[in-house]
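Chemist: PDB, C-alpha atoms, file protein14.pdb:
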ATOM      1  CA  MET A   1       0.000   0.000   0.000
ATOM      2  CA  ALA A   2       2.842   2.372   0.867
ATOM      3  CA  HIS A   3       4.346   1.715  -2.555
ATOM      4  CA  LEU A   4       1.026   2.439  -4.289
ATOM      5  CA  ILE A   5       0.463   5.736  -2.468
ATOM      6  CA  HIS A   6       4.072   6.769  -2.997
ATOM      7  CA  VAL A   7       4.052   6.025  -6.711
ATOM      8  CA  TRP A   8       0.661   7.730  -7.120
ATOM      9  CA  HIS A   9       2.129  10.897  -5.640
ATOM     10  CA  GLU A  10       5.347  10.563  -7.635
ATOM     11  CA  ARG A  11       3.505  10.268 -10.932
ATOM     12  CA  ASN A  12       1.446  13.359 -10.230
ATOM     13  CA  GLY A  13       4.168  15.375  -8.532
ATOM     14  CA  TRP A  14       1.960  15.847  -5.465
ATOM     15  CA  SER A  15       2.803  16.753  -1.900
ATOM     16  CA  HIS A  16       0.988  14.881   0.874
ATOM     17  CA  LYS A  17      -1.423  17.842   1.183
ATOM     18  CA  VAL A  18      -3.114  17.420  -2.209
ATOM     19  CA  LEU A  19      -5.542  14.561  -1.539
ATOM     20  CA  PRO A  20      -6.722  15.945   1.826
ATOM     21  CA  ALA A  21      -7.308  19.325   0.170
ATOM     22  CA  LEU A  22      -9.285  17.681  -2.628
ATOM     23  CA  ALA A  23     -11.379  15.662  -0.181
ATOM     24  CA  GLU A  24     -12.133  18.755   1.886
ATOM     25  CA  SER A  25     -12.925  20.986  -1.099
ATOM     26  CA  LEU A  26     -15.416  18.499  -2.563
ATOM     27  CA  ASP A  27     -16.757  17.023   0.705
ATOM     28  CA  LEU A  28     -15.423  13.567  -0.135
ATOM     29  CA  GLY A  29     -14.691  12.563   3.452
ATOM     30  CA  ARG A  30     -12.165  13.293   6.159
ATOM     31  CA  LEU A  31      -8.544  12.820   5.182
ATOM     32  CA  HIS A  32      -5.623  14.312   7.077
ATOM     33  CA  ASN A  33      -2.175  15.281   5.809
ATOM     34  CA  SER A  34      -0.587  13.088   8.482
ATOM     35  CA  GLN A  35      -2.580  10.048   7.318
ATOM     36  CA  ILE A  36      -1.320  10.421   3.740
ATOM     37  CA  SER A  37       2.242  10.971   4.942
ATOM     38  CA  ASN A  38       2.068   7.900   7.170
ATOM     39  CA  LEU A  39       0.510   5.778   4.405
ATOM     40  CA  ARG A  40       3.338   6.757   2.068
ATOM     41  CA  ASN A  41       5.888   5.751   4.678
ATOM     42  CA  ALA A  42       4.118   2.549   5.852
ATOM     43  CA  LYS A  43       3.557   4.020   9.310
ATOM     44  CA  LEU A  44      -0.250   4.016   9.394
ATOM     45  CA  VAL A  45      -0.974   0.710  11.117
ATOM     46  CA  SER A  46      -4.770   0.657  11.226
ATOM     47  CA  PRO A  47      -6.447   3.335   9.097
ATOM     48  CA  SER A  48     -10.200   3.706   9.516
ATOM     49  CA  PRO A  49     -12.607   2.693   6.732
ATOM     50  CA  GLU A  50     -13.207   6.410   6.232
ATOM     51  CA  VAL A  51      -9.641   6.808   4.943
ATOM     52  CA  PHE A  52     -10.119   4.201   2.211
ATOM     53  CA  LEU A  53     -13.511   5.657   1.307
ATOM     54  CA  ALA A  54     -12.156   9.198   0.979
ATOM     55  CA  LEU A  55      -9.193   7.992  -1.103
ATOM     56  CA  ALA A  56     -11.485   6.012  -3.382
ATOM     57  CA  GLN A  57     -13.896   8.913  -3.858
ATOM     58  CA  ALA A  58     -11.053  11.311  -4.641
ATOM     59  CA  ASN A  59      -9.723   8.753  -7.098
ATOM     60  CA  VAL A  60     -13.094   8.510  -8.872
ATOM     61  CA  VAL A  61     -13.146  12.289  -9.251
ATOM     62  CA  LEU A  62      -9.703  12.219 -10.872
ATOM     63  CA  HIS A  63     -10.691   9.275 -13.072
ATOM     64  CA  GLU A  64     -13.699  11.211 -14.382
ATOM     65  CA  GLY A  65     -11.511  14.219 -15.177
ATOM     66  CA  ILE A  66     -10.810  17.547 -13.519
ATOM     67  CA  GLU A  67     -12.873  19.397 -16.119
ATOM     68  CA  LEU A  68     -15.951  18.277 -14.171
ATOM     69  CA  ILE A  69     -14.728  19.966 -10.977
ATOM     70  CA  LYS A  70     -12.897  22.908 -12.514
ATOM     71  CA  ASP A  71     -15.560  25.500 -11.706
ATOM     72  CA  ARG A  72     -15.938  24.377  -8.094
ATOM     73  CA  LEU A  73     -12.219  24.335  -7.441
ATOM     74  CA  SER A  74     -11.573  27.638  -9.199
ATOM     75  CA  GLU A  75     -13.671  29.264  -6.481
ATOM     76  CA  ALA A  76     -12.959  27.041  -3.490
ATOM     77  CA  HIS A  77      -9.266  26.241  -4.012
ATOM     78  CA  PRO A  78      -7.589  27.740  -7.122
ATOM     79  CA  GLU A  79      -4.123  26.643  -5.957
ATOM     80  CA  LEU A  80      -5.299  23.039  -5.827
ATOM     81  CA  LEU A  81      -6.784  23.337  -9.305
ATOM     82  CA  GLN A  82      -3.401  24.483 -10.598
ATOM     83  CA  VAL A  83      -1.661  21.506  -8.972
ATOM     84  CA  LEU A  84      -4.190  19.048 -10.439
ATOM     85  CA  SER A  85      -3.912  20.610 -13.879
ATOM     86  CA  GLU A  86      -0.237  19.575 -13.816
ATOM     87  CA  GLY A  87      -0.881  16.025 -12.588
ATOM     88  CA  ALA A  88      -4.144  14.183 -12.002
ATOM     89  CA  ILE A  89      -3.549  10.517 -12.845
ATOM     90  CA  SER A  90      -5.986   8.207 -11.086
ATOM     91  CA  ILE A  91      -5.373   4.655  -9.854
ATOM     92  CA  GLU A  92      -7.035   2.163 -12.184
ATOM     93  CA  THR A  93      -7.500  -1.571 -11.851
ATOM     94  CA  ASN A  94      -6.077  -3.867 -14.518
ATOM     95  CA  GLU A  95      -9.496  -3.617 -16.185
ATOM     96  CA  GLY A  96      -9.276   0.183 -16.437
ATOM     97  CA  GLU A  97     -11.800   0.983 -13.694
ATOM     98  CA  PRO A  98     -11.108   3.395 -10.818
ATOM     99  CA  ILE A  99      -9.953   1.428  -7.812
ATOM    100  CA  SER A 100     -12.582   1.093  -5.069
ATOM    101  CA  ALA A 101     -12.367   1.555  -1.308
ATOM    102  CA  GLY A 102     -12.693  -2.211  -0.814
ATOM    103  CA  GLN A 103      -9.895  -2.909  -3.272
ATOM    104  CA  LEU A 104      -7.648  -0.356  -1.544
ATOM    105  CA  PHE A 105      -8.312  -2.100   1.768
ATOM    106  CA  GLU A 106      -7.485  -5.491   0.225
ATOM    107  CA  ILE A 107      -4.173  -4.088  -1.023
ATOM    108  CA  PHE A 108      -3.471  -2.673   2.438
ATOM    109  CA  ILE A 109      -3.939  -6.034   4.166
ATOM    110  CA  GLY A 110      -2.151  -7.968   1.416
ATOM    111  CA  LEU A 111      -5.108  -9.794  -0.167
ATOM    112  CA  ARG A 112      -4.823  -8.021  -3.528
ATOM    113  CA  ALA A 113      -1.819  -7.306  -5.716
ATOM    114  CA  LEU A 114      -1.070  -3.785  -6.872
ATOM    115  CA  PRO A 115      -2.530  -2.778 -10.253
ATOM    116  CA  SER A 116       0.011  -3.798 -12.895
ATOM    117  CA  ASN A 117       0.482  -0.227 -14.125
ATOM    118  CA  PHE A 118       1.472   0.861 -10.628
ATOM    119  CA  ASP A 119       4.133  -1.757 -10.069
ATOM    120  CA  TRP A 120       6.849  -2.328 -12.652
ATOM    121  CA  PHE A 121       8.664  -4.713 -10.247
ATOM    122  CA  ILE A 122      11.758  -2.516 -10.117
ATOM    123  CA  GLU A 123      14.128  -3.006  -7.185
ATOM    124  CA  ASP A 124      16.469  -0.289  -5.899
ATOM    125  CA  GLU A 125      19.556  -2.148  -7.110
ATOM    126  CA  GLU A 126      18.098  -2.473 -10.604
ATOM    127  CA  ALA A 127      17.032   1.187 -10.601
ATOM    128  CA  ILE A 128      20.681   2.239 -10.515
ATOM    129  CA  GLY A 129      21.444   0.348 -13.724
ATOM    130  CA  LEU A 130      18.258   1.564 -15.377
ATOM    131  CA  SER A 131      19.169   5.163 -14.556
ATOM    132  CA  GLY A 132      22.443   4.758 -16.397
ATOM    133  CA  ALA A 133      20.657   3.036 -19.269
ATOM    134  CA  LEU A 134      18.251   5.971 -19.567
ATOM    135  CA  ALA A 135      21.063   8.454 -20.080
ATOM    136  CA  GLU A 136      22.732   6.218 -22.641
ATOM    137  CA  TYR A 137      19.452   5.515 -24.439
ATOM    138  CA  PHE A 138      18.164   9.071 -24.640
ATOM    139  CA  CYS A 139      21.507  10.680 -25.498
ATOM    140  CA  LYS A 140      22.581   7.912 -27.909
ATOM    141  CA  GLY A 141      26.154   8.014 -26.675
ATOM    142  CA  LYS A 142      26.472  11.810 -26.786
ATOM    143  CA  THR A 143      27.549  13.819 -23.770
ATOM    144  CA  TRP A 144      24.798  15.403 -21.699
ATOM    145  CA  ARG A 145      25.999  18.840 -22.796
ATOM    146  CA  ASN A 146      25.374  17.920 -26.431
ATOM    147  CA  CYS A 147      21.940  16.395 -25.990
ATOM    148  CA  ARG A 148      20.521  18.310 -23.017
ATOM    149  CA  ASP A 149      18.245  20.737 -24.882
ATOM    150  CA  GLU A 150      16.684  18.067 -27.086
ATOM    151  CA  VAL A 151      16.055  15.671 -24.211
ATOM    152  CA  MET A 152      14.704  18.301 -21.821
ATOM    153  CA  ASP A 153      12.345  19.597 -24.520
ATOM    154  CA  ALA A 154      10.978  16.062 -24.942
ATOM    155  CA  TYR A 155      10.490  15.475 -21.203
ATOM    156  CA  PRO A 156       6.799  16.350 -20.646
ATOM    157  CA  VAL A 157       6.913  17.230 -16.942
ATOM    158  CA  SER A 158       6.633  20.903 -15.989
ATOM    159  CA  LYS A 159       7.310  20.728 -12.247
ATOM    160  CA  PRO A 160      10.790  22.233 -11.577
ATOM    161  CA  GLN A 161      11.735  19.704  -8.877
ATOM    162  CA  ARG A 162      11.113  16.721 -11.146
ATOM    163  CA  ARG A 163      12.834  18.380 -14.107
ATOM    164  CA  GLU A 164      15.897  19.072 -11.963
ATOM    165  CA  ARG A 165      15.922  15.484 -10.724
ATOM    166  CA  PHE A 166      15.589  14.130 -14.270
ATOM    167  CA  ALA A 167      18.427  16.365 -15.482
ATOM    168  CA  ALA A 168      20.631  15.191 -12.605
ATOM    169  CA  VAL A 169      19.969  11.534 -13.491
ATOM    170  CA  MET A 170      20.701  12.179 -17.156
ATOM    171  CA  ALA A 171      23.936  13.974 -16.243
ATOM    172  CA  GLY A 172      25.027  11.060 -14.057
ATOM    173  CA  LEU A 173      24.937  13.129 -10.865
ATOM    174  CA  ARG A 174      22.388  10.852  -9.168
ATOM    175  CA  ASP A 175      20.240   7.771  -9.797
ATOM    176  CA  TYR A 176      16.533   7.192  -9.469
ATOM    177  CA  ASN A 177      15.502   4.841  -6.697
ATOM    178  CA  ALA A 178      12.885   2.185  -7.435
ATOM    179  CA  GLU A 179       9.861   4.201  -6.333
ATOM    180  CA  GLU A 180      10.998   7.320  -8.177
ATOM    181  CA  LEU A 181      11.509   5.314 -11.342
ATOM    182  CA  ASP A 182       8.109   3.658 -10.891
ATOM    183  CA  GLY A 183       6.588   7.110 -10.698
ATOM    184  CA  GLU A 184       8.535   8.463 -13.670
ATOM    185  CA  LEU A 185       8.144   5.594 -16.103
ATOM    186  CA  LEU A 186       5.025   6.798 -17.932
ATOM    187  CA  ASP A 187       6.591  10.219 -18.527
ATOM    188  CA  LEU A 188       9.893   8.650 -19.557
ATOM    189  CA  PHE A 189       7.981   6.562 -22.092
ATOM    190  CA  THR A 190       6.383   9.767 -23.404
ATOM    191  CA  THR A 191       9.861  11.282 -23.634
ATOM    192  CA  ASP A 192      10.979   8.305 -25.709
ATOM    193  CA  GLN A 193       7.991   8.717 -28.017
ATOM    194  CA  ALA A 194       8.900  12.360 -28.595
ATOM    195  CA  LEU A 195      12.628  11.742 -29.058
ATOM    196  CA  ASN A 196      12.697   8.512 -31.013
ATOM    197  CA  LYS A 197       9.218   8.225 -32.559
ATOM    198  CA  THR A 198       9.269   4.569 -31.494
ATOM    199  CA  ARG A 199       6.381   2.192 -31.915
ATOM    200  CA  LEU A 200       6.732   0.618 -28.513
ATOM    201  CA  HIS A 201       3.415  -0.588 -27.124
ATOM    202  CA  GLY A 202       3.325   1.141 -23.771
ATOM    203  CA  ALA A 203       5.578   1.689 -20.778
ATOM    204  CA  ASP A 204       5.985  -2.060 -20.182
ATOM    205  CA  GLU A 205       7.731  -2.491 -23.514
ATOM    206  CA  PHE A 206       9.796   0.644 -22.934
ATOM    207  CA  LEU A 207      10.972  -0.823 -19.610
ATOM    208  CA  LYS A 208      12.004  -4.033 -21.403
ATOM    209  CA  VAL A 209      14.143  -1.969 -23.791
ATOM    210  CA  LEU A 210      15.767  -0.177 -20.847
ATOM    211  CA  ARG A 211      16.482  -3.480 -19.128
ATOM    212  CA  ILE A 212      18.197  -4.776 -22.252
ATOM    213  CA  GLN A 213      20.216  -1.545 -22.427
ATOM    214  CA  ALA A 214      21.176  -1.837 -18.749
ATOM    215  CA  ASN A 215      22.313  -5.453 -19.180
ATOM    216  CA  SER A 216      24.319  -4.438 -22.223
ATOM    217  CA  LEU A 217      26.104  -1.730 -20.250
ATOM    218  CA  LYS A 218      26.850  -4.247 -17.500
ATOM    219  CA  THR A 219      28.587  -6.630 -19.854
ATOM    220  CA  GLN A 220      30.716  -4.016 -21.585
ATOM    221  CA  ASP A 221      34.416  -4.237 -20.843
ATOM    222  CA  PRO A 222      35.555  -1.515 -18.428
ATOM    223  CA  PRO A 223      37.768   1.166 -19.994
ATOM    224  CA  GLU A 224      41.497   0.574 -19.785
ATOM    225  CA  THR A 225      43.394   2.712 -17.302
TER
END
Here is the file; what I need is its structure written in the form of structure tokens.
Modeler:
Amino acid sequence: MAHLIHVWHERNGWSHKVLPALAESLDLGRLHNSQISNLRNAKLVSPSPEVFLALAQANVVLHEGIELIKDRLSEAHPELLQVLSEGAISIETNEGEPISAGQLFEIFIGLRALPSNFDWFIEDEEAIGLSGALAEYFCKGKTWRNCRDEVMDAYPVSKPQRRERFAAVMAGLRDYNAEELDGELLDLFTTDQALNKTRLHGADEFLKVLRIQANSLKTQDPPET
């Protein structure tokens, strides 16, 4: 459950205040900032049913599209509307339906697996290799200085913090961890579509390409000293 909530926030570029603000603005139930923070960090031991209900109702709103709530939020909470306009991906089941309160509870207690598009089965150790593969794949062997403008123009995210993090990964100054990469993968796939005009069928196939690239980099002979 912690992984799901964390990746959901990563994909949308949200702070832990967004969902409580949405629930309050639209009367979707009581949801506190501390509850979201503790869910993300696996510290909420026994959340009430109200938490799952509020999360599910907020998720349905996002699934239906923020255009339906734009007028209400523009008056009640314009700052929240701006945040949602930059990221409002909902959690969907493998069948494409918004996840329900009961399904969220089943995930929390371990009776249901995460939706496949919210778990790419990336481990932290693998994320390091995939980060290096990303830079190699997007820059096609060029230095970051020589490909920076093209790659950054293709990266669809507008939030400065995520753009800075992406640039740092591409420059080799840091690596994504597993949860960050989980949250970034859909936008990285979009970046690939813009840069390479590939015909890959979704983020799953893009991840397979990255894994091949990472394995290839692993097996290359180290440079002579």
Chemist: Go through A:Thr93, A:Ala194, A:Leu84, A:Ile122 and flag the residue nearest Asp153 (chain A), using only C-alpha atoms for the distances.
Modeler: A:Ala194
Chemist: Which protein, DNA or RNA residues are at most 9 Å from (-7.5, 12.2, 5.6) in the file's coordinates when you count all atoms listed in the file, listed as a list of chain:residue names?
Modeler: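 Within 9 Å of (-7.5, 12.2, 5.6), the protein and nucleic acid residues are A:Leu19, A:Pro20, A:Ala21, A:Ala23, A:Glu24, A:Gly29, A:Arg30, A:Leu31, A:His32, A:Asn33, A:Ser34, A:Gln35, A:Ile36, A:Glu50, A:Val51, A:Ala54, A:Leu55.
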Chemist: Which residues would end up in the selection if the PyMOL selection byres ((chain A and resi 62) around 12) were applied here, given that I need the answer as a PyMOL selection string?
Modeler: chain A and resi 8+12+19+22-23+26+55-61+63-70+81+84-85+87-92+97-99
Chemist: May I have the residues within 10 Å of Arg162 (chain A) as a list in words, using only C-alpha atoms and disregarding those fewer than 5 positions away in the same chain?
Modeler: Glu10, Arg11, Gly13, Val157, Ala167, Ala168, Glu180 and Glu184 of chain A
Chemist: Please compute the CA of Met1 (chain A)-CA of Gly129 (chain A) distance, one decimal, in Å.
Modeler: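 Taking CA of Met1 (chain A) as the start and CA of Gly129 (chain A) as the end point, the length is 25.5 Å.
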Chemist: Written as a list of chain:residue names, what is the full residue list that the PyMOL selection byres ((chain A and resi 147) around 12) yields on the file shown?
Modeler: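 Listing what the PyMOL selection byres ((chain A and resi 147) around 12) selects in the shown file: A:Ala135, A:Glu136, A:Tyr137, A:Phe138, A:Cys139, A:Lys140, A:Gly141, A:Lys142, A:Thr143, A:Trp144, A:Arg145, A:Asn146, A:Arg148, A:Asp149, A:Glu150, A:Val151, A:Met152, A:Asp153, A:Ala154, A:Ala167, A:Met170, A:Ala171, A:Leu195.
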Chemist: In Å, with one decimal, what is the gap from CA of Asn94 (chain A) to CA of Lys197 (chain A)?
Modeler: 26.6 Å
Chemist: When the PyMOL selection byres ((chain A and resi 202) around 10) is applied to the file above, which residues end up in the set, as a VMD selection string?
Modeler: chain A and resid 186 189 to 190 193 199 to 201 203 to 207
Chemist: With distances taken over all atoms listed in the file, which residue among A:Ser74, A:Leu188, A:Ser216, A:Leu4 lies nearest Leu114 (chain A)?
Modeler: A:Leu4
Chemist: Please provide as a PDB file with C-alpha atoms, in the coordinates of the input all residues within 10 Å of Asp119 (chain A), with the sequence filter that same-chain residues fewer than 4 positions apart are discarded (counting all atoms listed in the file).
Modeler:
ATOM      1  CA  HIS A   3       4.346   1.715  -2.555  1.00  0.00           C
ATOM      2  CA  LEU A   4       1.026   2.439  -4.289  1.00  0.00           C
ATOM      3  CA  VAL A   7       4.052   6.025  -6.711  1.00  0.00           C
ATOM      4  CA  ALA A 113      -1.819  -7.306  -5.716  1.00  0.00           C
ATOM      5  CA  LEU A 114      -1.070  -3.785  -6.872  1.00  0.00           C
ATOM      6  CA  PRO A 115      -2.530  -2.778 -10.253  1.00  0.00           C
ATOM      7  CA  ALA A 178      12.885   2.185  -7.435  1.00  0.00           C
ATOM      8  CA  GLU A 179       9.861   4.201  -6.333  1.00  0.00           C
ATOM      9  CA  ASP A 182       8.109   3.658 -10.891  1.00  0.00           C
ATOM     10  CA  GLY A 183       6.588   7.110 -10.698  1.00  0.00           C
TER      11      GLY A 183
END
Chemist: What lies within 10 Å of Arg174 (chain A) using only C-alpha atoms, ignoring chain neighbours under 6 positions off, as a list in words?
Modeler: Ile128, Ser131, Gly132, Arg165, Phe166, Ala167 and Ala168 of chain A
Chemist: Just the residues within 10 Å of Phe105 (chain A), please, counting all atoms listed in the file, with nothing from its chain fewer than 3 positions along; format it as a list in words.
Modeler: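 Counting only the stated atoms, we get Met1, Pro47, Ser48, Pro49, Val51, Phe52, Leu53, Ser100, Ala101, Gly102, Phe108, Ile109, Gly110, Leu111 and Arg112 of chain A.
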